[in-house]
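Colleague: Sharing a structure here in structure tokens format.
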Amino acid sequence: MTLVDLHSHILPGVDDGSPDLETSLELARESVADGVTHMLLTPHHMDSNYVNHKRDVIEKTKAFQQILDREQIPLKVFPGQEVHLTEHLIEAIDHDDILYADADNRYIMLELPHTHVPEYFMRNIFPELQTRGITPVIVHPERNQGIQRDHQLLYDMVKAGCLTQLTANSYLDTFGERVTQLTQEIIDANLGSTFSSDVHAYKGRRSRMNAAYQKLVDNDRDKAVTYTENAKAILNGEDVPMPGIQEIRTKKKSFWDKLFKSKK
Ligand SMILES: [Fe+2]
């Protein structure tokens with residue numbers, strides 16, 4: 001299986017992904033062994049810890065590609081960003097400091113704040129992006145606490161036209177049973193667009209794309225093929241249809257659950 005990975009933190013010394021070149025090369029080799037042939041490099045941008053300007057990422061990606069080639073690691077890398085949602089997103093786009101997933105500036109890999117889905121996203125930012133022909137690819141929605149509490153938020157975003165990138169490790173066992181279960185529910189409700197690794201150097205965050213895809217093949221072979229094709233389409237700036245989306249019921253905690261927990 002040849003795979004496109006749209007979410008990775010393997011540029012050396014750039015964010016919390018990889019501390020040095022040696023580690024970056026090790027991660028690149030692991031990704032290649034995992035079946036990845038093309039990788040969007042997406043250092044964090046505009047979150048509370050990191051700013052990685054467009055021009056810097058482009059330069060660092062070029063330099064890293066040269067090293068990969070020299071080391072004969074068969075991985076083609078592209079400059080990108082994991083753009084953290086803030087109220088200043090449109091401003092950053094206007095200042096030409098945002099990198100897209102594709103050369104036609106159509107898709108943004110967008111990270112929501114971990115704790116919630118800000119109300120201003122669907123009210124202000126999304127319509128403005130839509131007007132400009134930009135589609136957000138919501139990264140790891142399964143790990144967003146707002147979506148975990150209220151699955152309807154994800155349905156509303158996808159129904160409006162957002163795409164989603166589920167994390168391979170979320171579909172396996174890295175982030176706990178609850179995240180794995182929600183990932184499965186998102187997949188079953190046709191609210192997922194593709195898998196990516198979100199690879200970092202630390203334990204539990206290494207690339208496991210192949211294992212996630214094998215699990216999806218076992219559950220739904222056609223969907224696994226669609227996920228691989230969707231990743232390619234996003235990188236190429238092509239259409240990604242999201243047919244048959246369904247709502248996921250949010251399981252409300254029952255009175256008895258709460259009572260039991262409060263007595264423990
Ligand atoms: Fe990430």
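Simple scheme: letters A, B, ... for chains in structure tokens order, numbers from 1 for residues in each chain, numbers from 1 for ligands in the order shown.
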Which residues of chain A come within 10 Å of ligand 1, and what is each one's closest atom pair and distance in Å (one decimal), counting only C-alpha atoms and all ligand atoms, sorted by chain and residue number, as JSON lines?
Modeller:
{"residue": "A:Leu6", "atom": "CA", "partner": "ligand 1", "partner_atom_place_in_ligand_line": "1 (Fe)", "distance": 9.8}
{"residue": "A:His7", "atom": "CA", "partner": "ligand 1", "partner_atom_place_in_ligand_line": "1 (Fe)", "distance": 6.2}
{"residue": "A:Ser8", "atom": "CA", "partner": "ligand 1", "partner_atom_place_in_ligand_line": "1 (Fe)", "distance": 6.2}
{"residue": "A:His9", "atom": "CA", "partner": "ligand 1", "partner_atom_place_in_ligand_line": "1 (Fe)", "distance": 6.5}
{"residue": "A:Asp15", "atom": "CA", "partner": "ligand 1", "partner_atom_place_in_ligand_line": "1 (Fe)", "distance": 9.9}
{"residue": "A:Asp16", "atom": "CA", "partner": "ligand 1", "partner_atom_place_in_ligand_line": "1 (Fe)", "distance": 9.3}
{"residue": "A:Gly17", "atom": "CA", "partner": "ligand 1", "partner_atom_place_in_ligand_line": "1 (Fe)", "distance": 8.4}
{"residue": "A:Leu41", "atom": "CA", "partner": "ligand 1", "partner_atom_place_in_ligand_line": "1 (Fe)", "distance": 9.7}
{"residue": "A:Thr42", "atom": "CA", "partner": "ligand 1", "partner_atom_place_in_ligand_line": "1 (Fe)", "distance": 6.9}
{"residue": "A:Pro43", "atom": "CA", "partner": "ligand 1", "partner_atom_place_in_ligand_line": "1 (Fe)", "distance": 7.1}
{"residue": "A:His44", "atom": "CA", "partner": "ligand 1", "partner_atom_place_in_ligand_line": "1 (Fe)", "distance": 6.6}
{"residue": "A:His45", "atom": "CA", "partner": "ligand 1", "partner_atom_place_in_ligand_line": "1 (Fe)", "distance": 9.9}
{"residue": "A:Gln81", "atom": "CA", "partner": "ligand 1", "partner_atom_place_in_ligand_line": "1 (Fe)", "distance": 8.9}
{"residue": "A:Glu82", "atom": "CA", "partner": "ligand 1", "partner_atom_place_in_ligand_line": "1 (Fe)", "distance": 6.1}
{"residue": "A:Val83", "atom": "CA", "partner": "ligand 1", "partner_atom_place_in_ligand_line": "1 (Fe)", "distance": 9.2}
{"residue": "A:His84", "atom": "CA", "partner": "ligand 1", "partner_atom_place_in_ligand_line": "1 (Fe)", "distance": 9.7}
{"residue": "A:Met109", "atom": "CA", "partner": "ligand 1", "partner_atom_place_in_ligand_line": "1 (Fe)", "distance": 9.4}
{"residue": "A:Leu110", "atom": "CA", "partner": "ligand 1", "partner_atom_place_in_ligand_line": "1 (Fe)", "distance": 9.6}
{"residue": "A:Glu111", "atom": "CA", "partner": "ligand 1", "partner_atom_place_in_ligand_line": "1 (Fe)", "distance": 7.9}
{"residue": "A:Val139", "atom": "CA", "partner": "ligand 1", "partner_atom_place_in_ligand_line": "1 (Fe)", "distance": 7.7}
{"residue": "A:His140", "atom": "CA", "partner": "ligand 1", "partner_atom_place_in_ligand_line": "1 (Fe)", "distance": 8.3}
{"residue": "A:Thr167", "atom": "CA", "partner": "ligand 1", "partner_atom_place_in_ligand_line": "1 (Fe)", "distance": 9.2}
{"residue": "A:Ser196", "atom": "CA", "partner": "ligand 1", "partner_atom_place_in_ligand_line": "1 (Fe)", "distance": 9.5}
{"residue": "A:Ser197", "atom": "CA", "partner": "ligand 1", "partner_atom_place_in_ligand_line": "1 (Fe)", "distance": 8.5}
{"residue": "A:Asp198", "atom": "CA", "partner": "ligand 1", "partner_atom_place_in_ligand_line": "1 (Fe)", "distance": 4.8}
{"residue": "A:Val199", "atom": "CA", "partner": "ligand 1", "partner_atom_place_in_ligand_line": "1 (Fe)", "distance": 7.3}
{"residue": "A:His200", "atom": "CA", "partner": "ligand 1", "partner_atom_place_in_ligand_line": "1 (Fe)", "distance": 8.0}
{"residue": "A:Arg205", "atom": "CA", "partner": "ligand 1", "partner_atom_place_in_ligand_line": "1 (Fe)", "distance": 9.9}
Colleague: Keeping only C-alpha atoms, take the residues you just selected and write them out as a PDB file, in the first residue's frame.
Modeller:
ATOM      1  CA  LEU A   6      -0.937  14.878   5.263  1.00  0.00           C
ATOM      2  CA  HIS A   7       0.023  15.568   8.864  1.00  0.00           C
ATOM      3  CA  SER A   8       3.544  15.157  10.234  1.00  0.00           C
ATOM      4  CA  HIS A   9       6.043  16.815  12.543  1.00  0.00           C
ATOM      5  CA  ASP A  15       8.453  22.268  16.785  1.00  0.00           C
ATOM      6  CA  ASP A  16       7.739  19.510  19.290  1.00  0.00           C
ATOM      7  CA  GLY A  17       8.073  16.869  16.567  1.00  0.00           C
ATOM      8  CA  LEU A  41       5.259  18.534   6.580  1.00  0.00           C
ATOM      9  CA  THR A  42       2.960  20.362   8.982  1.00  0.00           C
ATOM     10  CA  PRO A  43       4.775  22.111  11.829  1.00  0.00           C
ATOM     11  CA  HIS A  44       2.462  23.843  14.302  1.00  0.00           C
ATOM     12  CA  HIS A  45       1.569  27.394  13.337  1.00  0.00           C
ATOM     13  CA  GLN A  81       1.434  23.873   8.354  1.00  0.00           C
ATOM     14  CA  GLU A  82      -0.851  22.577  11.055  1.00  0.00           C
ATOM     15  CA  VAL A  83      -2.680  25.862  11.359  1.00  0.00           C
ATOM     16  CA  HIS A  84      -4.189  26.460  14.783  1.00  0.00           C
ATOM     17  CA  MET A 109      -4.940  21.565   7.659  1.00  0.00           C
ATOM     18  CA  LEU A 110      -6.765  23.246  10.527  1.00  0.00           C
ATOM     19  CA  GLU A 111      -6.423  22.405  14.208  1.00  0.00           C
ATOM     20  CA  VAL A 139      -7.255  17.606  11.942  1.00  0.00           C
ATOM     21  CA  HIS A 140      -7.880  14.955  14.601  1.00  0.00           C
ATOM     22  CA  THR A 167      -5.215  10.171  13.167  1.00  0.00           C
ATOM     23  CA  SER A 196      -2.726  10.778   8.634  1.00  0.00           C
ATOM     24  CA  SER A 197       0.017   9.940  11.107  1.00  0.00           C
ATOM     25  CA  ASP A 198       0.514  13.234  13.032  1.00  0.00           C
ATOM     26  CA  VAL A 199       3.929  11.677  13.635  1.00  0.00           C
ATOM     27  CA  HIS A 200       6.135  13.034  16.438  1.00  0.00           C
ATOM     28  CA  ARG A 205       3.220   9.057  18.291  1.00  0.00           C
TER      29      ARG A 205
END
Colleague: Which residues of range 160-212 of chain A sit at most 12 Å from range 118-126 of chain A, using only C-alpha atoms? Give each one's shortest atom pair and distance in Å (one decimal place), in chain and ascending residue order, as a Markdown table.
Modeller:
| residue | atom | partner | partner_atom | distance |
| --- | --- | --- | --- | --- |
| A:Ala160 | CA | A:Met122 | CA | 8.8 |
| A:Gly161 | CA | A:Phe126 | CA | 9.2 |
| A:Cys162 | CA | A:Phe126 | CA | 8.6 |
Colleague: Write the residues you've just listed into a file as a short mmCIF file (atom, residue, chain, number, x, y, z; two decimals), in the first residue's frame, and include N, CA, C and O atoms for each of them.
Modeller:
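Listing of selection.cif after writing:
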data_model
loop_
_atom_site.label_atom_id
_atom_site.label_comp_id
_atom_site.auth_asym_id
_atom_site.auth_seq_id
_atom_site.Cartn_x
_atom_site.Cartn_y
_atom_site.Cartn_z
N ALA A 160 -21.52 21.27 6.43
CA ALA A 160 -21.30 22.60 5.83
C ALA A 160 -20.21 22.56 4.77
O ALA A 160 -20.11 23.47 3.94
N GLY A 161 -19.36 21.51 4.79
CA GLY A 161 -18.35 21.40 3.73
C GLY A 161 -16.92 21.18 4.21
O GLY A 161 -16.00 21.16 3.40
N CYS A 162 -16.72 21.05 5.53
CA CYS A 162 -15.36 20.77 6.02
C CYS A 162 -14.99 19.32 5.71
O CYS A 162 -15.87 18.45 5.66
#
Colleague: Mind the document's chain letters and residue numbers, and return as a tab-separated table (two decimals) with C-alpha atoms, in the first residue's frame the residues of range 22-155 of chain A that DSSP labels alpha helix (DSSP H).
Modeller:
chain	number	residue	atom	x	y	z
A	22	GLU	CA	19.23	12.30	13.16
A	23	THR	CA	15.78	11.80	14.71
A	24	SER	CA	14.09	13.30	11.64
A	25	LEU	CA	15.85	10.83	9.37
A	26	GLU	CA	14.87	7.96	11.66
A	27	LEU	CA	11.21	9.12	11.52
A	28	ALA	CA	11.40	9.47	7.73
A	29	ARG	CA	12.78	5.93	7.39
A	30	GLU	CA	10.02	4.60	9.65
A	31	SER	CA	7.34	6.37	7.60
A	32	VAL	CA	8.73	4.92	4.37
A	33	ALA	CA	8.76	1.46	5.98
A	54	LYS	CA	5.32	30.14	5.51
A	55	ARG	CA	8.64	31.24	3.99
A	56	ASP	CA	10.64	29.47	6.73
A	57	VAL	CA	8.77	26.18	6.28
A	58	ILE	CA	9.28	26.32	2.51
A	59	GLU	CA	13.03	26.81	2.94
A	60	LYS	CA	13.38	24.13	5.62
A	61	THR	CA	11.35	21.67	3.55
A	62	LYS	CA	13.60	22.19	0.52
A	63	ALA	CA	16.70	21.66	2.64
A	64	PHE	CA	15.20	18.55	4.24
A	65	GLN	CA	14.27	17.09	0.84
A	66	GLN	CA	17.88	17.48	-0.27
A	67	ILE	CA	19.07	15.57	2.77
A	68	LEU	CA	16.45	12.84	2.22
A	69	ASP	CA	17.63	12.51	-1.38
A	70	ARG	CA	21.26	12.40	-0.30
A	89	LEU	CA	-6.69	33.22	10.70
A	90	ILE	CA	-8.10	35.37	7.90
A	91	GLU	CA	-5.57	38.09	8.72
A	92	ALA	CA	-2.74	35.55	8.43
A	93	ILE	CA	-4.11	34.43	5.05
A	94	ASP	CA	-4.19	38.08	3.93
A	119	GLU	CA	-18.49	29.45	18.19
A	120	TYR	CA	-16.82	32.02	15.93
A	126	PHE	CA	-15.77	29.19	7.90
A	127	PRO	CA	-18.07	31.37	5.74
A	128	GLU	CA	-15.10	33.66	4.97
A	129	LEU	CA	-12.96	30.66	3.98
A	130	GLN	CA	-15.78	29.35	1.82
A	131	THR	CA	-16.09	32.69	0.04
A	145	GLN	CA	-13.02	17.68	23.71
A	146	GLY	CA	-15.91	19.76	22.38
A	147	ILE	CA	-16.63	17.15	19.70
A	148	GLN	CA	-16.19	14.34	22.24
A	149	ARG	CA	-18.92	15.97	24.35
A	152	GLN	CA	-23.29	17.06	16.46
A	153	LEU	CA	-20.60	19.75	16.18
A	154	LEU	CA	-18.61	17.53	13.83
A	155	TYR	CA	-21.66	16.60	11.77
Colleague: Taking only C-alpha atoms into account, which of A:Tyr107, A:Tyr50, A:Tyr227, A:Tyr171 comes nearest Thr194 in chain A?
Modeller: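 That would be A:Tyr227, the residue with the smallest distance to Thr194 in chain A.
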Colleague: Could you name the residues that touch Leu191 in chain A at 10 Å or less, counting only C-alpha atoms, but leaving out those on the same chain fewer than 6 positions away, as a PDB file with N, CA and C atoms, in the first residue's frame?
Modeller:
ATOM      1  N   PRO A 141     -10.286  15.475  14.680  1.00  0.00           N
ATOM      2  CA  PRO A 141     -11.522  15.883  15.376  1.00  0.00           C
ATOM      3  C   PRO A 141     -11.860  14.944  16.535  1.00  0.00           C
ATOM      4  N   LEU A 154     -19.376  18.049  14.970  1.00  0.00           N
ATOM      5  CA  LEU A 154     -18.615  17.528  13.831  1.00  0.00           C
ATOM      6  C   LEU A 154     -19.528  17.341  12.621  1.00  0.00           C
ATOM      7  N   TYR A 155     -20.697  16.787  12.872  1.00  0.00           N
ATOM      8  CA  TYR A 155     -21.660  16.601  11.774  1.00  0.00           C
ATOM      9  C   TYR A 155     -21.940  17.951  11.100  1.00  0.00           C
ATOM     10  N   MET A 157     -20.130  20.599  10.937  1.00  0.00           N
ATOM     11  CA  MET A 157     -18.982  21.100  10.167  1.00  0.00           C
ATOM     12  C   MET A 157     -18.840  20.364   8.835  1.00  0.00           C
ATOM     13  N   VAL A 158     -18.983  19.047   8.875  1.00  0.00           N
ATOM     14  CA  VAL A 158     -18.827  18.270   7.636  1.00  0.00           C
ATOM     15  C   VAL A 158     -19.995  18.560   6.696  1.00  0.00           C
ATOM     16  N   LYS A 159     -21.193  18.686   7.270  1.00  0.00           N
ATOM     17  CA  LYS A 159     -22.367  18.997   6.440  1.00  0.00           C
ATOM     18  C   LYS A 159     -22.172  20.339   5.727  1.00  0.00           C
ATOM     19  N   CYS A 162     -16.715  21.055   5.528  1.00  0.00           N
ATOM     20  CA  CYS A 162     -15.355  20.769   6.017  1.00  0.00           C
ATOM     21  C   CYS A 162     -14.995  19.319   5.708  1.00  0.00           C
ATOM     22  N   LEU A 163     -13.705  19.059   5.536  1.00  0.00           N
ATOM     23  CA  LEU A 163     -13.206  17.686   5.493  1.00  0.00           C
ATOM     24  C   LEU A 163     -12.573  17.381   6.850  1.00  0.00           C
ATOM     25  N   THR A 164     -12.269  16.113   7.091  1.00  0.00           N
ATOM     26  CA  THR A 164     -11.660  15.743   8.371  1.00  0.00           C
ATOM     27  C   THR A 164     -10.495  14.786   8.160  1.00  0.00           C
ATOM     28  N   GLN A 165      -9.497  14.931   8.994  1.00  0.00           N
ATOM     29  CA  GLN A 165      -8.339  14.026   8.968  1.00  0.00           C
ATOM     30  C   GLN A 165      -8.279  13.308  10.305  1.00  0.00           C
ATOM     31  N   LEU A 166      -8.531  12.025  10.284  1.00  0.00           N
ATOM     32  CA  LEU A 166      -8.444  11.216  11.496  1.00  0.00           C
ATOM     33  C   LEU A 166      -7.003  10.753  11.669  1.00  0.00           C
ATOM     34  N   THR A 183     -13.413   7.434  16.995  1.00  0.00           N
ATOM     35  CA  THR A 183     -12.850   7.372  15.637  1.00  0.00           C
ATOM     36  C   THR A 183     -13.656   6.390  14.790  1.00  0.00           C
ATOM     37  N   GLU A 185     -16.750   5.523  15.262  1.00  0.00           N
ATOM     38  CA  GLU A 185     -18.084   6.090  15.024  1.00  0.00           C
ATOM     39  C   GLU A 185     -18.045   7.152  13.920  1.00  0.00           C
ATOM     40  N   MET A 242     -17.979  13.851   0.067  1.00  0.00           N
ATOM     41  CA  MET A 242     -18.262  13.245   1.380  1.00  0.00           C
ATOM     42  C   MET A 242     -19.699  12.725   1.368  1.00  0.00           C
ATOM     43  N   PRO A 243     -19.939  11.609   0.671  1.00  0.00           N
ATOM     44  CA  PRO A 243     -21.309  11.125   0.530  1.00  0.00           C
ATOM     45  C   PRO A 243     -21.836  10.417   1.781  1.00  0.00           C
ATOM     46  N   GLY A 244     -23.129  10.488   1.957  1.00  0.00           N
ATOM     47  CA  GLY A 244     -23.800   9.659   2.968  1.00  0.00           C
ATOM     48  C   GLY A 244     -23.477   9.982   4.409  1.00  0.00           C
ATOM     49  N   ILE A 245     -23.216  11.262   4.710  1.00  0.00           N
ATOM     50  CA  ILE A 245     -22.856  11.568   6.100  1.00  0.00           C
ATOM     51  C   ILE A 245     -24.064  11.381   7.022  1.00  0.00           C
ATOM     52  N   GLN A 246     -23.777  10.912   8.207  1.00  0.00           N
ATOM     53  CA  GLN A 246     -24.840  10.661   9.196  1.00  0.00           C
ATOM     54  C   GLN A 246     -24.472  11.309  10.525  1.00  0.00           C
ATOM     55  N   GLU A 247     -25.480  11.532  11.332  1.00  0.00           N
ATOM     56  CA  GLU A 247     -25.219  12.058  12.677  1.00  0.00           C
ATOM     57  C   GLU A 247     -24.753  10.911  13.579  1.00  0.00           C
ATOM     58  N   ILE A 248     -23.933  11.262  14.570  1.00  0.00           N
ATOM     59  CA  ILE A 248     -23.553  10.268  15.582  1.00  0.00           C
ATOM     60  C   ILE A 248     -24.266  10.671  16.864  1.00  0.00           C
TER      61      ILE A 248
END
Colleague: So, with only C-alpha atoms as the atoms that count, which of A:Val240, A:Ala212, A:Leu3, A:Leu112 lies closest to Thr180 in chain A?
Modeller: A:Ala212
Colleague: Using only C-alpha atoms, which residue out of A:Glu71, A:Glu87, A:Asp173, A:Asp156 lies closest to Asp47 in chain A?
Modeller: A:Glu87
Colleague: So how many Å separate CA of Asn144 in chain A and CA of Lys232 in chain A, to one decimal?
Modeller: 24.8 Å
Colleague: I need the residue nearest Ile186 in chain A from this list: A:Thr174, A:Ser207, A:Asn230, A:Thr250. Use only C-alpha atoms for the distance.
Modeller: A:Thr250
Colleague: My list of candidates is A:Pro79, A:Ala211, A:Asp220, A:Glu229. Which is closest to Gln184 in chain A when distances are computed with only C-alpha atoms?
Modeller: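 Among the listed residues, the smallest separation from Gln184 in chain A belongs to A:Asp220.
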